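The structure appears below as structure tokens.
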There are 2 protein chains.
Amino acid sequence: MSDNGAITRSSALRITVLTDGDTRPPGLDKVEAIGDVAIAHDEASLRDALPGSQILLVTDFRTAALEAAWDAADALQWIHAASAGVDALMFDALVDSDIPVTNAQGIFDRNIAEYVLGAILMFAKDSKNNIRYQQARRWVHRDTETIENKKLLVVGAGSIGRHIGQLCRAAGMQIAGVARRAKPGDDVFDAIHAQDELDALLPAADYVVVAAPLTEDTEGLFDADRFAAMAPHARFINIGRGAIVDTPALVAALDDARIAGAALDVFDTEPLPEDHPLWQFDNVLISAHMAGDFIGWRIALIDQFLDNLSRWQRQEPLFNLVSKRFGYAPSTPR
Amino acid sequence: MSDNGAITRSSALRITVLTDGDTRPPGLDKVEAIGDVAIAHDEASLRDALPGSQILLVTDFRTAALEAAWDAADALQWIHAASAGVDALMFDALVDSDIPVTNAQGIFDRNIAEYVLGAILMFAKDSKNNIRYQQARRWVHRDTETIENKKLLVVGAGSIGRHIGQLCRAAGMQIAGVARRAKPGDDVFDAIHAQDELDALLPAADYVVVAAPLTEDTEGLFDADRFAAMAPHARFINIGRGAIVDTPALVAALDDARIAGAALDVFDTEPLPEDHPLWQFDNVLISAHMAGDFIGWRIALIDQFLDNLSRWQRQEPLFNLVSKRFGYAPSTPR
């Protein structure tokens, strides 16, 4: 899987790992084989760890600790986010710095695409009601929908959105994309439209999936007007970030049956609070921010970091470089 | 959709429609435009309707009435089963007769394939537990499986099995098939094996789907030995006929965790009785014999019958002819 053989251990190399709890991330021994590793999980422990560290590996994609402890980063040369989204790192002091940020583009693509196709098939086949009837031991025949030639609008045509489009196209759907800028159609997308065309595209979509990064341009993008523009039979899927959606507007759209359902893996508050109205809808599928997390993903993230680390040690260009202006790593052909 | 324009009405043409209840099948007006139609739903009404009828259209795939009323079929020239499976029609008197039987091959292929891929994705993504956690308002993150390169064994490589293989291959799986006779691999199947190789193939499969017709060769095929041969992590999917499975053996295999789950759309007794043990398993997905029944399927079945009827009127060869020796219509390239 990885090219780690090229990496040499250096006692002068200090790596801070910012994680989301007291548990030790799997695969960390591979990093410890290369340099001195300090683990932090909040502002205080990060302040202790950062001084002298050249590299920061962030496995907690929700962290606010880095911005809080930023003044302790006195030797940082590179930050790697072991996540697809880097929104939590795009605070002014880091954006304005010269420190490069890389991310985990590519790792989650396939599994997220499978999650999206699975959700679409669950809507089409009325699978949640099958389970509810099974729980009630009731035999209830219904006619169900096909997904063939149904229209999927992928909002966010980057690495994840492209994989979603590819898989759903292979399964017989028609795919259109929305990106920051319009691009010609290709083997996945019939067309890629600019974000300002979104309102004109929404009425024709049978399924709308958000696969965009959370940026200034996408925050709150799906508001009451957007849900009103969708067809009443359409379903909304979010595997991007919760804050791209105006959640009260989504709840209202579901309450009023202005859309036919939603599959949600991300939320503006995570974990989703127990008293949140989204839990209750029969036509909503909820999962715990896990769409991309295939068995083995933590090790895969460490291996990807080590691949980039070997480039860094050889002073070669890093891959998956985040554009700090736009807040995501531009997708590159593989 | 159909070539019905070529059909001419004949008052001499008498068509009996054997249906499963008192409700009038949708689209029947199209048949009534062509000939005199009598509707039957049990042995008694069939005995009244059959004398003088040249054509019998059977929409009740479970019927036992035809065998019971067979002696009343004094003018029959053609029987069309508006179903994929014709097992209920393969009684000796009909098999031994010269009356051709056609079926609904092709109509249900796409929707059944979508059902199977949907079920596979639900297993991989642990979707049933997502729904159960949602019902309990619990946020429980898990790592889930990918379906990429997973091995699907399709038992029954006819029209339905081929569509299942095609869709699941497009979604990234590896497909092997089992048929009455071995055939070379093609664009869907890596290989098609003979049924007597089944035991050797079962251990390597991640998913096993039954898409075979119910015949003497397949009745009770999946018994305790077959489930014992499957891998403990494998899932079993049945969209064929319930009687292909030894149901107590399946229940025992699930009870003992000898297989990891099952998706069942067909059962040896339908509707599945309320007190049946299959309802209760958390790793079983149950649906009410509806995998093929897309919105509009009843009209599509009538249109397909009318296409064949126009051939019959022109004395051209019928399509979807059932081999009464083998009990199914050999799949033909389209």
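Just remember, in the structure tokens the first chain shown is A, the second B, etc., residues are 1-based per chain, and ligands are 1-based in the order shown.
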
- Select all residues from chain B having any atom no more than 9 Å from an atom of chain A (counting only C-alpha atoms, ignoring ligands), output as a PyMOL selection string. chain B and resi 110-111+114-115+117-122+125+127-128+130-131+133-148+167-168+170-172+270-276+279-280+285-297

- Message: Can you pull out the residues contacting range 226-242 of chain B? Cut-off 6 Å, using only C-alpha atoms, and skip same-chain residues under 2 positions away; I want them as a PyMOL selection string.
- Response: chain B and resi 202-203+206-212+222-224+244-245+258-268

Out of range 42-132 of chain A, which residues get strand (DSSP E) from DSSP, as a tab-separated table (two decimals) with N, CA and C atoms, in the first residue's frame?
chain	number	residue	atom	x	y	z
A	55	ILE	N	6.09	19.02	12.34
A	55	ILE	CA	4.93	18.47	11.62
A	55	ILE	C	3.76	18.28	12.58
A	56	LEU	N	2.57	18.65	12.13
A	56	LEU	CA	1.36	18.41	12.91
A	56	LEU	C	0.43	17.51	12.10
A	57	LEU	N	0.09	16.39	12.70
A	57	LEU	CA	-0.88	15.46	12.08
A	57	LEU	C	-2.19	15.60	12.86
A	58	VAL	N	-3.26	16.04	12.16
A	58	VAL	CA	-4.55	16.29	12.81
A	58	VAL	C	-5.51	15.17	12.45
A	78	TRP	N	4.61	21.97	8.37
A	78	TRP	CA	3.63	21.25	7.55
A	78	TRP	C	2.52	20.73	8.47
A	79	ILE	N	1.29	20.88	8.02
A	79	ILE	CA	0.14	20.31	8.74
A	79	ILE	C	-0.57	19.33	7.81
A	80	HIS	N	-0.76	18.11	8.28
A	80	HIS	CA	-1.54	17.13	7.51
A	80	HIS	C	-2.84	16.83	8.25
A	81	ALA	N	-3.95	17.06	7.56
A	81	ALA	CA	-5.26	16.73	8.12
A	81	ALA	C	-5.65	15.34	7.64
A	101	VAL	N	-0.87	22.95	4.09
A	101	VAL	CA	-1.83	22.01	4.68
A	101	VAL	C	-2.16	20.96	3.61
A	102	THR	N	-2.08	19.70	3.99
A	102	THR	CA	-2.52	18.62	3.09
A	102	THR	C	-3.68	17.88	3.74

- Using only C-alpha atoms, which of the listed residues (B:Gln54, B:Thr19, B:Arg14, B:Gln77) sits closest to Val37 in chain B?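 Of the candidates, the smallest distance to Val37 in chain B is held by B:Arg14.
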
- Any idea what's packed within 9 Å of Ala104 in chain A, counting only C-alpha atoms, ignoring anything in its chain fewer than 4 positions away? Could you give it as JSON, numbers by chain? {"A": [80, 81, 82, 83, 84, 85, 108, 301, 304, 305, 320]}

- Calculate how many Å separate CA of Asp42 in chain B from CA of Ala68 in chain B, rounding to one decimal. 9.3 Å

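Closest approach to Thr23 in chain A among A:Leu94, A:Ile164, A:Leu250, A:Ile39: A:Ile39, based on only C-alpha atoms.
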
- Task: Could you give me, as an NGL selection string, each residue of range 17-242 of chain A that DSSP assigns to alpha helix (DSSP H) when run on this structure's backbone?
- Result: :A and (28-32 or 43-49 or 65-68 or 92-96 or 109-124 or 127-135 or 159-170 or 198-201 or 224-229)

- For Ser159 in chain A, work out the shell of residues within 7 Å, counting only C-alpha atoms and skipping chain neighbours fewer than 4 positions away, then give it as a ChimeraX atom specification. /A:105-106,109,163,331
